[in-house]
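This is model_26.cif (mmCIF, C-alpha atoms, pLDDT in the B column; chains and numbers go by the auth columns).
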data_my_file
#
loop_
_atom_site.group_PDB
_atom_site.id
_atom_site.type_symbol
_atom_site.label_atom_id
_atom_site.label_comp_id
_atom_site.label_asym_id
_atom_site.label_seq_id
_atom_site.Cartn_x
_atom_site.Cartn_y
_atom_site.Cartn_z
_atom_site.B_iso_or_equiv
_atom_site.auth_seq_id
_atom_site.auth_asym_id
ATOM 1 C CA MET A 1 8.060 -48.851 41.976 63.00 29 B
ATOM 2 C CA TRP A 2 4.530 -47.722 41.349 63.00 30 B
ATOM 3 C CA THR A 3 3.721 -44.927 38.870 64.00 31 B
ATOM 4 C CA ALA A 4 0.426 -43.188 38.476 59.00 32 B
ATOM 5 C CA PRO A 5 -1.392 -43.673 35.191 60.00 33 B
ATOM 6 C CA ALA A 6 -1.148 -40.784 32.750 62.00 34 B
ATOM 7 C CA ASN A 7 -3.962 -38.301 33.054 61.00 35 B
ATOM 8 C CA PRO A 8 -5.526 -37.890 29.579 63.00 36 B
ATOM 9 C CA LEU A 9 -6.640 -34.365 30.444 62.00 37 B
ATOM 10 C CA LEU A 10 -3.062 -33.254 31.159 59.00 38 B
ATOM 11 C CA THR A 11 -1.740 -34.789 27.942 66.00 39 B
ATOM 12 C CA ASP A 12 -4.492 -32.991 25.977 68.00 40 B
ATOM 13 C CA ILE A 13 -3.501 -29.677 27.585 70.00 41 B
ATOM 14 C CA LYS A 14 0.163 -30.253 26.717 69.00 42 B
ATOM 15 C CA GLN A 15 -0.745 -31.069 23.133 71.00 43 B
ATOM 16 C CA LYS A 16 -2.871 -27.929 22.821 70.00 44 B
ATOM 17 C CA LYS A 17 -0.069 -25.764 24.184 70.00 45 B
ATOM 18 C CA ALA A 18 2.388 -27.325 21.733 68.00 46 B
ATOM 19 C CA GLU A 19 -0.016 -26.638 18.861 68.00 47 B
ATOM 20 C CA GLN A 20 -0.458 -23.016 19.989 65.00 48 B
ATOM 21 C CA LYS A 21 3.306 -22.523 20.049 64.00 49 B
ATOM 22 C CA LYS A 22 3.562 -24.030 16.578 60.00 50 B
ATOM 23 C CA GLN A 23 0.799 -21.734 15.297 57.00 51 B
ATOM 24 C CA LYS A 24 2.559 -18.668 16.724 55.00 52 B
ATOM 25 C CA TYR A 25 5.785 -19.726 15.028 51.00 53 B
ATOM 26 C CA MET A 26 4.003 -20.283 11.752 49.00 54 B
ATOM 27 C CA SER A 27 2.336 -16.895 11.973 71.00 55 B
ATOM 28 C CA TYR A 28 5.721 -15.215 12.371 78.00 56 B
ATOM 29 C CA GLN A 29 6.915 -16.991 9.253 88.00 57 B
ATOM 30 C CA ARG A 30 3.824 -15.771 7.416 88.00 58 B
ATOM 31 C CA ILE A 31 4.379 -12.200 8.594 91.00 59 B
ATOM 32 C CA ASP A 32 8.002 -12.389 7.436 92.00 60 B
ATOM 33 C CA ARG A 33 6.921 -13.616 4.001 93.00 61 B
ATOM 34 C CA ILE A 34 4.290 -10.884 3.746 93.00 62 B
ATOM 35 C CA SER A 35 6.849 -8.269 4.855 94.00 63 B
ATOM 36 C CA GLU A 36 9.275 -9.359 2.162 95.00 64 B
ATOM 37 C CA GLU A 37 6.538 -9.318 -0.475 95.00 65 B
ATOM 38 C CA VAL A 38 5.465 -5.821 0.642 95.00 66 B
ATOM 39 C CA ARG A 39 9.085 -4.653 0.374 96.00 67 B
ATOM 40 C CA ARG A 40 9.420 -6.084 -3.129 96.00 68 B
ATOM 41 C CA GLU A 41 6.127 -4.653 -4.382 96.00 69 B
ATOM 42 C CA VAL A 42 6.644 -1.196 -2.861 95.00 70 B
ATOM 43 C CA ASP A 43 10.089 -1.043 -4.450 94.00 71 B
ATOM 44 C CA ALA A 44 8.599 -1.984 -7.839 94.00 72 B
ATOM 45 C CA ILE A 45 5.824 0.607 -7.475 94.00 73 B
ATOM 46 C CA ILE A 46 8.266 3.382 -6.543 93.00 74 B
ATOM 47 C CA ARG A 47 10.655 2.565 -9.378 92.00 75 B
ATOM 48 C CA GLY A 48 8.100 1.852 -12.076 91.00 76 B
ATOM 49 C CA GLU A 49 4.946 3.825 -11.464 90.00 77 B
ATOM 50 C CA LEU A 50 5.835 6.828 -9.314 88.00 78 B
ATOM 51 C CA HIS A 51 6.592 9.733 -11.630 87.00 79 B
ATOM 52 C CA ASP A 52 7.653 12.361 -9.114 86.00 80 B
ATOM 53 C CA PRO A 53 10.785 14.369 -10.037 86.00 81 B
ATOM 54 C CA ARG A 54 11.894 14.262 -6.400 87.00 82 B
ATOM 55 C CA VAL A 55 12.161 10.468 -6.583 88.00 83 B
ATOM 56 C CA GLY A 56 15.578 9.872 -8.055 83.00 84 B
ATOM 57 C CA GLY A 57 19.177 9.253 -7.251 81.00 85 B
ATOM 58 C CA THR A 58 20.538 6.186 -5.561 85.00 86 B
ATOM 59 C CA TYR A 59 18.027 4.751 -3.132 89.00 87 B
ATOM 60 C CA SER A 60 16.956 1.351 -1.959 90.00 88 B
ATOM 61 C CA VAL A 61 13.974 -0.056 -0.087 93.00 89 B
ATOM 62 C CA THR A 62 15.968 -2.042 2.440 93.00 90 B
ATOM 63 C CA ARG A 63 13.225 -3.741 4.449 94.00 91 B
ATOM 64 C CA ALA A 64 9.594 -3.682 5.476 95.00 92 B
ATOM 65 C CA GLU A 65 8.119 -4.612 8.834 95.00 93 B
ATOM 66 C CA VAL A 66 4.437 -5.506 8.778 94.00 94 B
ATOM 67 C CA THR A 67 2.559 -5.704 12.082 92.00 95 B
ATOM 68 C CA GLY A 68 0.901 -8.967 13.090 88.00 96 B
ATOM 69 C CA ASP A 69 -2.593 -7.683 12.302 89.00 97 B
ATOM 70 C CA LEU A 70 -1.467 -6.470 8.830 89.00 98 B
ATOM 71 C CA ARG A 71 -2.675 -2.927 9.539 93.00 99 B
ATOM 72 C CA TYR A 72 0.651 -1.063 9.406 95.00 100 B
ATOM 73 C CA ALA A 73 3.923 -1.491 7.542 95.00 101 B
ATOM 74 C CA LYS A 74 7.153 0.397 8.205 96.00 102 B
ATOM 75 C CA ILE A 75 9.074 0.768 4.979 96.00 103 B
ATOM 76 C CA TYR A 76 12.782 1.504 5.445 95.00 104 B
ATOM 77 C CA VAL A 77 14.310 3.496 2.585 94.00 105 B
ATOM 78 C CA SER A 78 18.038 4.125 2.311 90.00 106 B
ATOM 79 C CA VAL A 79 19.266 7.074 0.244 87.00 107 B
ATOM 80 C CA LEU A 80 22.936 7.405 -0.618 82.00 108 B
ATOM 81 C CA GLU A 81 22.960 11.141 -1.407 84.00 109 B
ATOM 82 C CA ASP A 82 22.373 13.337 1.646 83.00 110 B
ATOM 83 C CA GLU A 83 20.999 16.262 -0.361 88.00 111 B
ATOM 84 C CA LYS A 84 18.238 14.113 -1.912 88.00 112 B
ATOM 85 C CA ARG A 85 17.138 12.297 1.255 90.00 113 B
ATOM 86 C CA ASP A 86 14.648 14.861 2.557 91.00 114 B
ATOM 87 C CA ALA A 87 13.051 15.469 -0.844 92.00 115 B
ATOM 88 C CA LEU A 88 12.689 11.743 -1.515 91.00 116 B
ATOM 89 C CA MET A 89 11.189 11.021 1.905 92.00 117 B
ATOM 90 C CA GLU A 90 8.747 13.913 1.482 93.00 118 B
ATOM 91 C CA ALA A 91 7.732 12.634 -1.969 93.00 119 B
ATOM 92 C CA LEU A 92 7.155 9.132 -0.581 93.00 120 B
ATOM 93 C CA LYS A 93 5.070 10.465 2.307 94.00 121 B
ATOM 94 C CA ASN A 94 2.961 12.476 -0.143 93.00 122 B
ATOM 95 C CA ALA A 95 2.487 9.470 -2.436 94.00 123 B
ATOM 96 C CA LYS A 96 1.820 6.861 0.258 93.00 124 B
ATOM 97 C CA GLY A 97 -1.912 6.772 -0.548 94.00 125 B
ATOM 98 C CA TYR A 98 -1.216 5.964 -4.194 95.00 126 B
ATOM 99 C CA ILE A 99 1.441 3.399 -3.252 95.00 127 B
ATOM 100 C CA ARG A 100 -0.962 1.750 -0.798 95.00 128 B
ATOM 101 C CA HIS A 101 -3.696 1.631 -3.454 95.00 129 B
ATOM 102 C CA GLU A 102 -1.361 -0.015 -5.969 95.00 130 B
ATOM 103 C CA LEU A 103 -0.108 -2.412 -3.297 95.00 131 B
ATOM 104 C CA GLY A 104 -3.712 -3.437 -2.614 94.00 132 B
ATOM 105 C CA LYS A 105 -4.200 -4.224 -6.296 94.00 133 B
ATOM 106 C CA ARG A 106 -1.051 -6.353 -6.485 93.00 134 B
ATOM 107 C CA MET A 107 -1.308 -8.323 -3.236 92.00 135 B
ATOM 108 C CA ILE A 108 -4.146 -10.574 -2.207 88.00 136 B
ATOM 109 C CA ILE A 109 -4.379 -10.054 1.530 87.00 137 B
ATOM 110 C CA ARG A 110 -7.306 -9.107 3.715 85.00 138 B
ATOM 111 C CA TYR A 111 -6.003 -5.683 4.712 88.00 139 B
ATOM 112 C CA THR A 112 -3.661 -3.446 2.792 93.00 140 B
ATOM 113 C CA PRO A 113 -1.329 -2.051 5.428 94.00 141 B
ATOM 114 C CA GLU A 114 -0.971 1.656 6.048 96.00 142 B
ATOM 115 C CA LEU A 115 2.532 2.614 4.951 96.00 143 B
ATOM 116 C CA ILE A 116 4.963 4.475 7.174 96.00 144 B
ATOM 117 C CA PHE A 117 8.185 5.497 5.432 95.00 145 B
ATOM 118 C CA VAL A 118 11.337 5.658 7.564 95.00 146 B
ATOM 119 C CA SER A 119 14.787 6.840 6.505 92.00 147 B
ATOM 120 C CA ASP A 120 17.314 4.042 6.894 88.00 148 B
ATOM 121 C CA LYS A 121 20.952 5.076 7.241 83.00 149 B
ATOM 122 C CA ASN A 122 22.547 1.600 7.306 81.00 150 B
ATOM 123 C CA ILE A 123 23.948 1.741 3.765 77.00 151 B
ATOM 124 C CA GLU A 124 25.343 5.224 4.370 76.00 152 B
ATOM 125 C CA TYR A 125 26.946 3.996 7.588 83.00 153 B
ATOM 126 C CA GLY A 126 28.433 1.013 5.738 84.00 154 B
ATOM 127 C CA VAL A 127 29.961 3.310 3.112 82.00 155 B
ATOM 128 C CA HIS A 128 31.414 5.492 5.890 86.00 156 B
ATOM 129 C CA ILE A 129 32.963 2.466 7.621 92.00 157 B
ATOM 130 C CA ALA A 130 34.417 1.255 4.297 92.00 158 B
ATOM 131 C CA LYS A 131 36.045 4.670 3.768 92.00 159 B
ATOM 132 C CA VAL A 132 37.500 4.679 7.268 94.00 160 B
ATOM 133 C CA LEU A 133 38.887 1.172 6.789 93.00 161 B
ATOM 134 C CA ALA A 134 40.360 2.119 3.410 92.00 162 B
ATOM 135 C CA GLU A 135 42.040 5.180 4.942 91.00 163 B
ATOM 136 C CA ALA A 136 43.408 3.093 7.799 90.00 164 B
ATOM 137 C CA ALA A 137 44.734 0.459 5.401 88.00 165 B
ATOM 138 C CA GLY A 138 46.238 3.133 3.125 81.00 166 B
ATOM 139 C CA GLY A 139 48.042 4.836 6.010 67.00 167 B
ATOM 140 C CA GLU A 140 49.817 1.691 7.183 63.00 168 B
ATOM 141 C CA GLU A 141 53.151 0.747 5.793 55.00 169 B
ATOM 142 C CA HIS A 142 53.698 -2.903 5.188 51.00 170 B
ATOM 143 C CA PRO A 143 57.234 -4.140 5.894 51.00 171 B
ATOM 144 C CA ASP A 144 57.247 -6.196 2.694 53.00 172 B
ATOM 145 C CA ASP A 145 56.455 -3.135 0.541 51.00 173 B
ATOM 146 C CA SER A 146 59.163 -0.881 1.995 49.00 174 B
ATOM 147 C CA ASP A 147 62.029 -3.266 1.213 50.00 175 B
ATOM 148 C CA GLU A 148 62.676 -2.889 -2.451 50.00 176 B
ATOM 149 C CA ARG A 149 65.316 -4.989 -4.084 49.00 177 B
ATOM 150 C CA LYS A 150 67.588 -3.218 -6.479 49.00 178 B
ATOM 151 C CA PRO A 151 69.431 -5.187 -9.173 49.00 179 B
#
Using the file provided, produce a representation of the structure as structure tokens.
Amino acid sequence: MWTAPANPLLTDIKQKKAEQKKQKYMSYQRIDRISEEVRREVDAIIRGELHDPRVGGTYSVTRAEVTGDLRYAKIYVSVLEDEKRDALMEALKNAKGYIRHELGKRMIIRYTPELIFVSDKNIEYGVHIAKVLAEAAGGEEHPDDSDERKP
């Protein structure tokens, strides 16, 4: 059976496409690393250098999503106390210029992303689910517990 010789142009095109796919994958890994570093640094800036009385209580910077061009970053903040959520989010929105400036000093990247703070309710939802499960488990009677042996 006769087979045609391999066309070097086609193999070059396939290699280039494979390299482009690899570069895209690598860039996503880089963006993920940058996002995690932004999350860590923003959390440190809020906890250590932001002296606003509205910033307090139990809160956590849960994640950061940086766009591919490094221009914008969504910062997800979870607050456990409902009454402090609005005040904390307002304080962060007012201080986002300062936080961005400090982030630019700490990170060596071409562009310091513009920060967009978003309220994240995942931790609150997790606490709610834990309470519901605890109530459901507390309401059940186990057959082993109801049979008490008397001497």
Atomic separation - atom CA of B:Arg68 relative to atom CA of B:His129, Å: 15.2 Å
Rounded to one decimal, what separation in Å do you get between atom CA of B:Arg128 and atom CA of B:Lys149? 23.6 Å
Do you know which residues are at most 10 Å from B:Leu98 counting all atoms listed in the file, after dropping those on the same chain fewer than 5 positions away, and could you put them as a list in words? Ile59, Ile62, Ser63, Glu93, Ile137, Arg138, Tyr139, Thr140, Pro141 and Glu142 of chain B
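The space separating atom CA of B:Leu78 from atom CA of B:Asp110 comes to 20.9 Å.
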Using the chain letters and residue numbers of this document, give as number ranges by chain the residues selected by the PyMOL selection byres ((chain B and resi 144) around 7). B: 101-103, 142-143, 145-146
Which is closer to B:Ser55 than all the others in B:Ile41, B:Val83, B:Gly96, B:Ala72, using all atoms listed in the file? B:Gly96
